[in-house]
Amino acid sequence: DVIFLGYPIWWGDTPMAILSFLENYDLTGKIIIPFCTYGSSEFGGSLNSIRSAAPQSDILDGFGIAGSQVSGADRALSDWLEGLQLPAILPSP
């Protein structure tokens with residue numbers, strides 16, 4: 001029910017392999033949580049592309065980090081994950 005979708009930004013957008021995955025699976029009602037690395041364009045057009053490829057899914061706020069800053073991103077990543085309030089969005093067992 002919850003999908004963490006990780007990808008690099010390629011030329012300001014989501015790689016075609018990721019978009020093909022989203023378009024070829026029925027993700028209706030699923031929660032998609034995007035995260036990416038980038039060189040200079042941050043999320044670029046990727047969030048809009050994901051929304052277009054999976055229109056029946058709930059796309060949450062993503063996490064983007066410059067590739068050059070990945071090794072020092074522990075705190076920023078932890079803060080983002082805590083902010084998602086995962087237990088509140090996960091389905092009950």
# chains A, B, ... in the order shown; residues from 1 in each chain; ligands from 1
$ residues_around --residues "range 42-57 of chain A" --least-positions-apart "5" --cutoff "10 Å" --atoms "only C-alpha atoms" --output "number ranges by chain"
A: 1-2, 5, 7-16, 18-32, 34-37, 62-66
$ write_last_selection --atoms "N, CA, C and O atoms" --output "CSV table (one decimal), in the first residue's frame"
chain,number,residue,atom,x,y,z
A,1,ASP,N,0.8,-1.2,0.0
A,1,ASP,CA,0.0,0.0,0.0
A,1,ASP,C,0.8,1.3,0.0
A,1,ASP,O,0.4,2.3,-0.4
A,2,VAL,N,2.1,1.2,0.5
A,2,VAL,CA,3.0,2.3,0.5
A,2,VAL,C,4.2,1.9,-0.3
A,2,VAL,O,4.9,0.9,-0.1
A,5,LEU,N,9.6,5.3,-3.7
A,5,LEU,CA,10.1,5.3,-5.1
A,5,LEU,C,11.4,6.1,-5.2
A,5,LEU,O,11.3,7.4,-5.2
A,7,TYR,N,14.9,7.3,-7.3
A,7,TYR,CA,15.4,7.5,-8.6
A,7,TYR,C,16.4,8.6,-8.7
A,7,TYR,O,16.3,9.5,-7.9
A,8,PRO,N,17.2,8.6,-9.7
A,8,PRO,CA,18.1,9.8,-10.0
A,8,PRO,C,17.3,10.7,-10.9
A,8,PRO,O,16.5,10.3,-11.7
A,9,ILE,N,17.6,12.0,-10.8
A,9,ILE,CA,17.0,12.9,-11.8
A,9,ILE,C,17.9,12.9,-13.1
A,9,ILE,O,19.2,13.0,-13.0
A,10,TRP,N,17.3,12.6,-14.2
A,10,TRP,CA,18.0,12.6,-15.5
A,10,TRP,C,17.5,13.7,-16.3
A,10,TRP,O,16.3,13.7,-16.7
A,11,TRP,N,18.3,14.6,-16.7
A,11,TRP,CA,18.0,15.8,-17.6
A,11,TRP,C,16.7,16.5,-17.1
A,11,TRP,O,15.8,16.7,-17.8
A,12,GLY,N,16.7,16.7,-15.7
A,12,GLY,CA,15.6,17.4,-15.1
A,12,GLY,C,14.3,16.7,-14.9
A,12,GLY,O,13.3,17.3,-14.6
A,13,ASP,N,14.3,15.4,-15.1
A,13,ASP,CA,13.0,14.6,-14.9
A,13,ASP,C,13.3,13.2,-14.4
A,13,ASP,O,14.4,12.8,-14.2
A,14,THR,N,12.2,12.5,-14.3
A,14,THR,CA,12.2,11.1,-13.8
A,14,THR,C,12.7,10.2,-15.0
A,14,THR,O,12.3,10.4,-16.1
A,15,PRO,N,13.6,9.2,-14.7
A,15,PRO,CA,14.0,8.3,-15.8
A,15,PRO,C,12.8,7.5,-16.3
A,15,PRO,O,11.9,7.2,-15.6
A,16,MET,N,12.9,7.3,-17.6
A,16,MET,CA,11.8,6.6,-18.3
A,16,MET,C,11.5,5.2,-17.7
A,16,MET,O,10.4,4.8,-17.7
A,18,ILE,N,11.4,4.4,-14.6
A,18,ILE,CA,10.6,4.6,-13.5
A,18,ILE,C,9.1,4.9,-14.0
A,18,ILE,O,8.1,4.4,-13.5
A,19,LEU,N,9.0,5.8,-15.0
A,19,LEU,CA,7.7,6.1,-15.5
A,19,LEU,C,7.1,4.9,-16.1
A,19,LEU,O,5.8,4.7,-16.0
A,20,SER,N,7.8,4.1,-16.8
A,20,SER,CA,7.3,2.8,-17.4
A,20,SER,C,6.7,1.9,-16.3
A,20,SER,O,5.7,1.3,-16.5
A,21,PHE,N,7.5,1.8,-15.2
A,21,PHE,CA,7.0,1.0,-14.1
A,21,PHE,C,5.6,1.5,-13.6
A,21,PHE,O,4.7,0.8,-13.4
A,22,LEU,N,5.6,2.8,-13.4
A,22,LEU,CA,4.3,3.4,-12.9
A,22,LEU,C,3.2,3.3,-13.8
A,22,LEU,O,2.0,3.0,-13.4
A,23,GLU,N,3.4,3.4,-15.1
A,23,GLU,CA,2.4,3.3,-16.1
A,23,GLU,C,1.9,1.8,-16.3
A,23,GLU,O,0.8,1.6,-16.7
A,24,ASN,N,2.7,0.9,-16.0
A,24,ASN,CA,2.4,-0.5,-16.3
A,24,ASN,C,1.8,-1.3,-15.1
A,24,ASN,O,1.5,-2.5,-15.3
A,25,TYR,N,1.8,-0.7,-14.0
A,25,TYR,CA,1.2,-1.4,-12.8
A,25,TYR,C,0.0,-0.5,-12.3
A,25,TYR,O,0.0,0.7,-12.3
A,26,ASP,N,-1.0,-1.2,-11.8
A,26,ASP,CA,-2.2,-0.6,-11.3
A,26,ASP,C,-1.8,-0.2,-9.8
A,26,ASP,O,-1.8,-1.0,-8.9
A,27,LEU,N,-1.6,1.1,-9.6
A,27,LEU,CA,-1.2,1.6,-8.3
A,27,LEU,C,-2.4,2.4,-7.7
A,27,LEU,O,-2.1,3.3,-6.9
A,28,THR,N,-3.6,2.2,-8.2
A,28,THR,CA,-4.7,2.9,-7.7
A,28,THR,C,-4.8,2.8,-6.2
A,28,THR,O,-4.8,1.7,-5.6
A,29,GLY,N,-4.9,3.9,-5.5
A,29,GLY,CA,-5.1,3.9,-4.1
A,29,GLY,C,-3.8,3.7,-3.3
A,29,GLY,O,-3.8,3.8,-2.1
A,30,LYS,N,-2.7,3.5,-4.0
A,30,LYS,CA,-1.4,3.3,-3.3
A,30,LYS,C,-0.8,4.7,-2.9
A,30,LYS,O,-1.1,5.7,-3.5
A,31,ILE,N,0.0,4.7,-1.9
A,31,ILE,CA,0.7,5.9,-1.5
A,31,ILE,C,2.1,5.8,-2.0
A,31,ILE,O,2.8,4.8,-1.8
A,32,ILE,N,2.5,6.8,-2.8
A,32,ILE,CA,3.9,6.8,-3.4
A,32,ILE,C,4.7,7.9,-2.7
A,32,ILE,O,4.2,9.1,-2.6
A,34,PRO,N,8.2,9.6,-3.1
A,34,PRO,CA,9.3,9.7,-4.0
A,34,PRO,C,10.6,10.3,-3.2
A,34,PRO,O,10.5,11.1,-2.3
A,35,PHE,N,11.7,9.8,-3.6
A,35,PHE,CA,13.0,10.3,-3.2
A,35,PHE,C,14.0,10.2,-4.3
A,35,PHE,O,13.9,9.3,-5.1
A,36,CYS,N,14.9,11.2,-4.4
A,36,CYS,CA,15.8,11.3,-5.6
A,36,CYS,C,17.1,11.9,-5.2
A,36,CYS,O,17.2,12.6,-4.2
A,37,THR,N,18.0,11.7,-6.1
A,37,THR,CA,19.3,12.4,-6.1
A,37,THR,C,19.3,13.2,-7.4
A,37,THR,O,18.7,12.9,-8.4
A,62,GLY,N,8.2,14.5,-1.4
A,62,GLY,CA,9.4,13.7,-1.6
A,62,GLY,C,10.6,14.3,-0.9
A,62,GLY,O,10.6,15.3,-0.2
A,63,PHE,N,11.7,13.6,-1.0
A,63,PHE,CA,13.0,14.0,-0.5
A,63,PHE,C,14.0,14.0,-1.6
A,63,PHE,O,14.2,13.0,-2.4
A,64,GLY,N,14.6,15.1,-1.9
A,64,GLY,CA,15.6,15.3,-2.9
A,64,GLY,C,16.9,15.7,-2.3
A,64,GLY,O,16.9,16.6,-1.4
A,65,ILE,N,18.0,15.2,-2.8
A,65,ILE,CA,19.3,15.6,-2.3
A,65,ILE,C,20.3,15.6,-3.4
A,65,ILE,O,20.3,14.7,-4.3
A,66,ALA,N,21.2,16.6,-3.4
A,66,ALA,CA,22.2,16.7,-4.4
A,66,ALA,C,23.2,15.5,-4.2
A,66,ALA,O,23.5,15.1,-3.1
$ select_by_dssp --residues "chain A" --states "strand (DSSP E)" --output "VMD selection string"
chain A and resid 2 to 8 31 to 38 58 to 59 63 to 66
$ select_by_dssp --residues "chain A" --states "helix (DSSP H, G or I)" --output "ChimeraX atom specification"
/A:16-24,46-53,67-72,74-84,86-89
$ write_last_selection --atoms "C-alpha atoms" --output "compact mmCIF listing (two decimals), in the first residue's frame"
# COMPACT_ATOMS: atom_id res chain seq x y z
CA MET A 16 11.83 6.57 -18.33
CA ALA A 17 12.30 3.21 -16.56
CA ILE A 18 10.55 4.62 -13.47
CA LEU A 19 7.72 6.12 -15.52
CA SER A 20 7.27 2.84 -17.40
CA PHE A 21 7.00 1.00 -14.08
CA LEU A 22 4.34 3.43 -12.85
CA GLU A 23 2.36 3.27 -16.10
CA ASN A 24 2.42 -0.54 -16.29
CA SER A 46 9.80 14.61 -11.80
CA LEU A 47 6.95 15.04 -9.34
CA ASN A 48 4.61 16.18 -12.12
CA SER A 49 5.73 13.24 -14.25
CA ILE A 50 5.04 10.82 -11.41
CA ARG A 51 1.60 12.33 -10.85
CA SER A 52 0.83 11.96 -14.56
CA ALA A 53 2.06 8.36 -14.68
CA GLY A 67 24.44 13.71 -5.27
CA SER A 68 27.43 15.59 -3.86
CA GLN A 69 25.69 15.89 -0.46
CA VAL A 70 24.48 12.31 -0.03
CA SER A 71 27.22 11.29 2.39
CA GLY A 72 26.19 14.04 4.84
CA ASP A 74 21.72 11.47 7.53
CA ARG A 75 20.01 14.17 9.60
CA ALA A 76 18.01 15.63 6.71
CA LEU A 77 16.84 12.15 5.72
CA SER A 78 15.87 11.26 9.30
CA ASP A 79 13.93 14.51 9.65
CA TRP A 80 12.08 13.85 6.39
CA LEU A 81 11.18 10.30 7.40
CA GLU A 82 9.94 11.46 10.82
CA GLY A 83 7.87 14.16 9.12
CA LEU A 84 6.09 11.54 7.01
CA LEU A 86 4.65 6.62 8.69
CA PRO A 87 2.66 4.79 11.39
CA ALA A 88 -0.26 7.13 10.66
CA ILE A 89 -0.29 6.35 6.92
